[in-house]
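Report on one structure; see the data block that follows.
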Amino acid sequence: MPEQNNQPTLPASQQQRLPLPLIILIAVNIIVVTTVGVFVMVSFQRTRLDDEFYQQCVKLKNEYRVDVEAGNVDIFCTKREWWQLNPKFPSPQIQYRQGVENVDELEKKRAGETKELNDRIVLLTQQIKSLELQNYDPQDIQPLNYYTALTTVDNLESQLKQKQIEKDGFIRNIEKVIATYPNPPAEFVNYLGSYKQKNIQQQNLLFPEITAKWEQAQTTWGKELAANKLSTSVSESNFLSFFSTIKPFTAQEFVELSNKKTGADTNISREDVQLFSSLAANQYVQQFASQQGYQFRAVYTGPLTEIQGERLQSDTANAFLAMQQAANADGISLSLTSGYRLVADQAELFKQRFIQNSTVFGGPFSDEQIATGLADAALAETLKTTSIPGKSKHHSGFTVDIGDGSVNSKIVAFADTKAYEWLAQYNFLNAKRFGFVPSYPAGVAQIGPNPEPWEYVWVGEEAVK
Ligand SMILES: [Zn+2]
């Protein structure tokens, strides 16, 4: 039909018009999808919140773990999945809120104790800062709950204990310096006296003050001492640096320092050396020497440097030359009278001196006489200045015997020489400047031979700082 064939074309919008049932179907679909989407989003959000509350709850529980275990407070935390299977239980959110309430109640009961702990934290922190010579601002400290405060106090107390040990060491060192050098400043000594009267808490808070006063006192005192012309090679300015960096030592500490060095990097000799043909005489002499404090020493077997007719380890040789030069500049003559000795050298030296002393004390003695004690006087005299082989500090290559260069000076009179005075004044400051310490200074308890003012061990400059 032409009419039908010529039917006018509809506008585009009308051409696409959908049938009503389809439109309804689409609308329903949109509503369903949106509803499901919203539902999924809401439930996702709730899951997230529940997880968060669970995490918070666990955190709280951990913080109060001790109290939870002791039954002081109830905190239950369960995950969402578990709660969904057991819906009679409160939700993670309610559990967390309940936990917070319970904790608040507990804290209220403990308010007094918690305050005390927090006050203690403030005081401990202040004391630690004082001992660290740092400024202190109480506003830096936020009050903590009971359990955290309790742990914090424990932690701070052990920190403070450690700091107190360091502080005590510092004060002991000051006391040693004061005891070691002449004319300590009276004002500071008085202050130190009154400081020591205080209790530990007060001392800890005063620590920055005594540190500042000590610094001042060192400067004035050091200048005074330097002005006394300790040595021409020591000026006022470098004296102050020696004064504050080179440590003073007691006689016993000098011995320990030198013993440590003579035992380092070397082989320890452990065998008695045959001095006499009879076993009995040998055993007797070894035992006699042990009673006098002689002990096995390390024996160095590495390369040696020869200076002035003696052999030494090279660092020791260099340090001796530098010390000799500094003494020379002060018009003091130091000579190297003995350095490294082999065990065999020491055996020869010992036998030679023993024979010399035997003639003075009623000898010569047979092995049998030695073994029965008849040579004791000659033995004792020999051991005063001469070690038995294997037990001499000279086996290390770090040990020097020093003379004053005069041909006629007897070694035992060294303590009366200008050279000794130069080495020994101010707690052996000139010896220590070059890394040497006295081997057996006067004032040592009955260990080792008698004081030997001429013997020094090179321990290195770092060891005396
Ligand atoms: Zn010696």
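A note on labels: chains of the structure tokens are A, B, ... as shown, every chain counts residues from 1, and ligands are counted from 1 in their shown order.
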Using DSSP secondary structure from the backbone, list all strand (DSSP E or B) positions within region 87-306 of chain A, as an mmCIF file with N, CA and C atoms, in the first residue's frame.
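File produced: part.cif:
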```
data_model
loop_
_atom_site.group_PDB
_atom_site.id
_atom_site.type_symbol
_atom_site.label_atom_id
_atom_site.label_comp_id
_atom_site.auth_asym_id
_atom_site.auth_seq_id
_atom_site.Cartn_x
_atom_site.Cartn_y
_atom_site.Cartn_z
ATOM 1 N N ASN A 267 103.746 -14.062 73.456
ATOM 2 C CA ASN A 267 103.504 -15.428 73.940
ATOM 3 C C ASN A 267 103.773 -15.481 75.433
ATOM 4 N N ILE A 268 102.904 -16.182 76.138
ATOM 5 C CA ILE A 268 103.121 -16.304 77.580
ATOM 6 C C ILE A 268 104.106 -17.460 77.815
ATOM 7 N N ALA A 298 104.651 -12.369 79.577
ATOM 8 C CA ALA A 298 104.638 -12.674 78.154
ATOM 9 C C ALA A 298 106.033 -12.441 77.580
ATOM 10 N N VAL A 299 106.408 -13.277 76.636
ATOM 11 C CA VAL A 299 107.715 -13.140 75.993
ATOM 12 C C VAL A 299 107.504 -12.759 74.530
ATOM 13 N N THR A 305 113.637 -2.857 67.543
ATOM 14 C CA THR A 305 114.405 -1.711 67.059
ATOM 15 C C THR A 305 115.529 -1.447 68.047
ATOM 16 N N GLU A 306 116.716 -1.196 67.535
ATOM 17 C CA GLU A 306 117.816 -0.936 68.471
ATOM 18 C C GLU A 306 118.068 0.559 68.595
#
```
Please, which residues in chain A fall within 12 Å of ligand 1 when counting only C-alpha atoms and all ligand atoms, and what is the closest atom pair and distance in Å to one decimal for each, ordered by chain then residue number, as JSON lines?
```
{"residue": "A:Leu336", "atom": "CA", "partner": "ligand 1", "partner_atom_place_in_ligand_line": "1 (Zn)", "distance": 10.6}
{"residue": "A:Thr337", "atom": "CA", "partner": "ligand 1", "partner_atom_place_in_ligand_line": "1 (Zn)", "distance": 8.7}
{"residue": "A:Ser338", "atom": "CA", "partner": "ligand 1", "partner_atom_place_in_ligand_line": "1 (Zn)", "distance": 6.7}
{"residue": "A:Gly339", "atom": "CA", "partner": "ligand 1", "partner_atom_place_in_ligand_line": "1 (Zn)", "distance": 7.8}
{"residue": "A:Tyr340", "atom": "CA", "partner": "ligand 1", "partner_atom_place_in_ligand_line": "1 (Zn)", "distance": 9.4}
{"residue": "A:Arg341", "atom": "CA", "partner": "ligand 1", "partner_atom_place_in_ligand_line": "1 (Zn)", "distance": 9.7}
{"residue": "A:Gln346", "atom": "CA", "partner": "ligand 1", "partner_atom_place_in_ligand_line": "1 (Zn)", "distance": 10.5}
{"residue": "A:Leu349", "atom": "CA", "partner": "ligand 1", "partner_atom_place_in_ligand_line": "1 (Zn)", "distance": 11.4}
{"residue": "A:Leu383", "atom": "CA", "partner": "ligand 1", "partner_atom_place_in_ligand_line": "1 (Zn)", "distance": 11.6}
{"residue": "A:Lys384", "atom": "CA", "partner": "ligand 1", "partner_atom_place_in_ligand_line": "1 (Zn)", "distance": 10.9}
{"residue": "A:Thr385", "atom": "CA", "partner": "ligand 1", "partner_atom_place_in_ligand_line": "1 (Zn)", "distance": 7.6}
{"residue": "A:Thr386", "atom": "CA", "partner": "ligand 1", "partner_atom_place_in_ligand_line": "1 (Zn)", "distance": 7.5}
{"residue": "A:Ser387", "atom": "CA", "partner": "ligand 1", "partner_atom_place_in_ligand_line": "1 (Zn)", "distance": 8.5}
{"residue": "A:Ile388", "atom": "CA", "partner": "ligand 1", "partner_atom_place_in_ligand_line": "1 (Zn)", "distance": 11.8}
{"residue": "A:Lys391", "atom": "CA", "partner": "ligand 1", "partner_atom_place_in_ligand_line": "1 (Zn)", "distance": 11.3}
{"residue": "A:Ser392", "atom": "CA", "partner": "ligand 1", "partner_atom_place_in_ligand_line": "1 (Zn)", "distance": 7.7}
{"residue": "A:Lys393", "atom": "CA", "partner": "ligand 1", "partner_atom_place_in_ligand_line": "1 (Zn)", "distance": 7.1}
{"residue": "A:His394", "atom": "CA", "partner": "ligand 1", "partner_atom_place_in_ligand_line": "1 (Zn)", "distance": 6.3}
{"residue": "A:His395", "atom": "CA", "partner": "ligand 1", "partner_atom_place_in_ligand_line": "1 (Zn)", "distance": 10.0}
{"residue": "A:Ser396", "atom": "CA", "partner": "ligand 1", "partner_atom_place_in_ligand_line": "1 (Zn)", "distance": 11.2}
{"residue": "A:Gly397", "atom": "CA", "partner": "ligand 1", "partner_atom_place_in_ligand_line": "1 (Zn)", "distance": 11.1}
{"residue": "A:Phe398", "atom": "CA", "partner": "ligand 1", "partner_atom_place_in_ligand_line": "1 (Zn)", "distance": 10.7}
{"residue": "A:Thr399", "atom": "CA", "partner": "ligand 1", "partner_atom_place_in_ligand_line": "1 (Zn)", "distance": 7.0}
{"residue": "A:Val400", "atom": "CA", "partner": "ligand 1", "partner_atom_place_in_ligand_line": "1 (Zn)", "distance": 6.3}
{"residue": "A:Asp401", "atom": "CA", "partner": "ligand 1", "partner_atom_place_in_ligand_line": "1 (Zn)", "distance": 4.8}
{"residue": "A:Ile402", "atom": "CA", "partner": "ligand 1", "partner_atom_place_in_ligand_line": "1 (Zn)", "distance": 8.4}
{"residue": "A:Gly403", "atom": "CA", "partner": "ligand 1", "partner_atom_place_in_ligand_line": "1 (Zn)", "distance": 10.9}
{"residue": "A:Ile411", "atom": "CA", "partner": "ligand 1", "partner_atom_place_in_ligand_line": "1 (Zn)", "distance": 10.0}
{"residue": "A:Val412", "atom": "CA", "partner": "ligand 1", "partner_atom_place_in_ligand_line": "1 (Zn)", "distance": 11.2}
{"residue": "A:Pro438", "atom": "CA", "partner": "ligand 1", "partner_atom_place_in_ligand_line": "1 (Zn)", "distance": 10.5}
{"residue": "A:Ser439", "atom": "CA", "partner": "ligand 1", "partner_atom_place_in_ligand_line": "1 (Zn)", "distance": 8.4}
{"residue": "A:Tyr440", "atom": "CA", "partner": "ligand 1", "partner_atom_place_in_ligand_line": "1 (Zn)", "distance": 9.7}
{"residue": "A:Pro449", "atom": "CA", "partner": "ligand 1", "partner_atom_place_in_ligand_line": "1 (Zn)", "distance": 10.6}
{"residue": "A:Asn450", "atom": "CA", "partner": "ligand 1", "partner_atom_place_in_ligand_line": "1 (Zn)", "distance": 11.5}
{"residue": "A:Pro451", "atom": "CA", "partner": "ligand 1", "partner_atom_place_in_ligand_line": "1 (Zn)", "distance": 10.8}
{"residue": "A:Glu452", "atom": "CA", "partner": "ligand 1", "partner_atom_place_in_ligand_line": "1 (Zn)", "distance": 7.6}
{"residue": "A:Pro453", "atom": "CA", "partner": "ligand 1", "partner_atom_place_in_ligand_line": "1 (Zn)", "distance": 9.4}
{"residue": "A:Trp454", "atom": "CA", "partner": "ligand 1", "partner_atom_place_in_ligand_line": "1 (Zn)", "distance": 7.1}
{"residue": "A:Glu455", "atom": "CA", "partner": "ligand 1", "partner_atom_place_in_ligand_line": "1 (Zn)", "distance": 4.9}
{"residue": "A:Tyr456", "atom": "CA", "partner": "ligand 1", "partner_atom_place_in_ligand_line": "1 (Zn)", "distance": 7.7}
{"residue": "A:Val457", "atom": "CA", "partner": "ligand 1", "partner_atom_place_in_ligand_line": "1 (Zn)", "distance": 9.3}
```
(message) Would you pick out the contacts of Gln139 (chain A) at 12 Å or less, using only C-alpha atoms, so that residues sharing its chain but fewer than 4 positions from it are not included, and give the list as a list of chain:residue names?
(response) A:Val122, A:Thr125, A:Gln126, A:Pro143
Let's have the selection written as a PDB file, in the first residue's frame, with C-alpha atoms.
```pdb
ATOM      1  CA  VAL A 122      58.971  14.059  86.539  1.00  0.00           C
ATOM      2  CA  THR A 125      63.560  12.678  84.304  1.00  0.00           C
ATOM      3  CA  GLN A 126      64.838  15.864  85.911  1.00  0.00           C
ATOM      4  CA  PRO A 143      50.876  12.285  82.575  1.00  0.00           C
TER       5      PRO A 143
END
```
(message) For a quick check of understanding, using only C-alpha atoms, which of A:Gly263, A:Pro208, A:Gly112, A:Gly193 has the smallest distance to Leu133 (chain A)?
(response) A:Pro208
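Among the candidate residues A:Asn430, A:Gln286, A:Gln127, A:Asn183, the one lying nearest to Leu156 (chain A) is A:Gln127, with distances computed using only C-alpha atoms.
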(message) I'd like the neighbourhood of Gln93 (chain A) as a VMD selection string, where a residue qualifies if any of its atoms comes within 10 Å (using only C-alpha atoms), though same-chain residues fewer than 6 positions away should be ignored.
(response) chain A and resid 49 to 54 56 to 57 77 to 78 80 99
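Taking only C-alpha atoms into account, Gly362 (chain A) lies nearest to A:Leu379 out of the set A:Ile94, A:Leu85, A:Leu379, A:Ala251.
Going from CA of Leu205 (chain A) to CA of Ile174 (chain A) covers 18.1 Å.
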(request) Taking the DSSP assignment computed from this structure's backbone, write out as a VMD selection string all residues of region 182-373 of chain A that belong to helix (DSSP H, G or I). (result) chain A and resid 186 to 197 200 to 227 236 to 245 251 to 262 279 to 291 314 to 329 343 to 360 367 to 371
(request) Go through A:Tyr284, A:Tyr147, A:Tyr96, A:Phe76 and flag the residue nearest Tyr64 (chain A), using only C-alpha atoms for the distances. (result) A:Tyr147
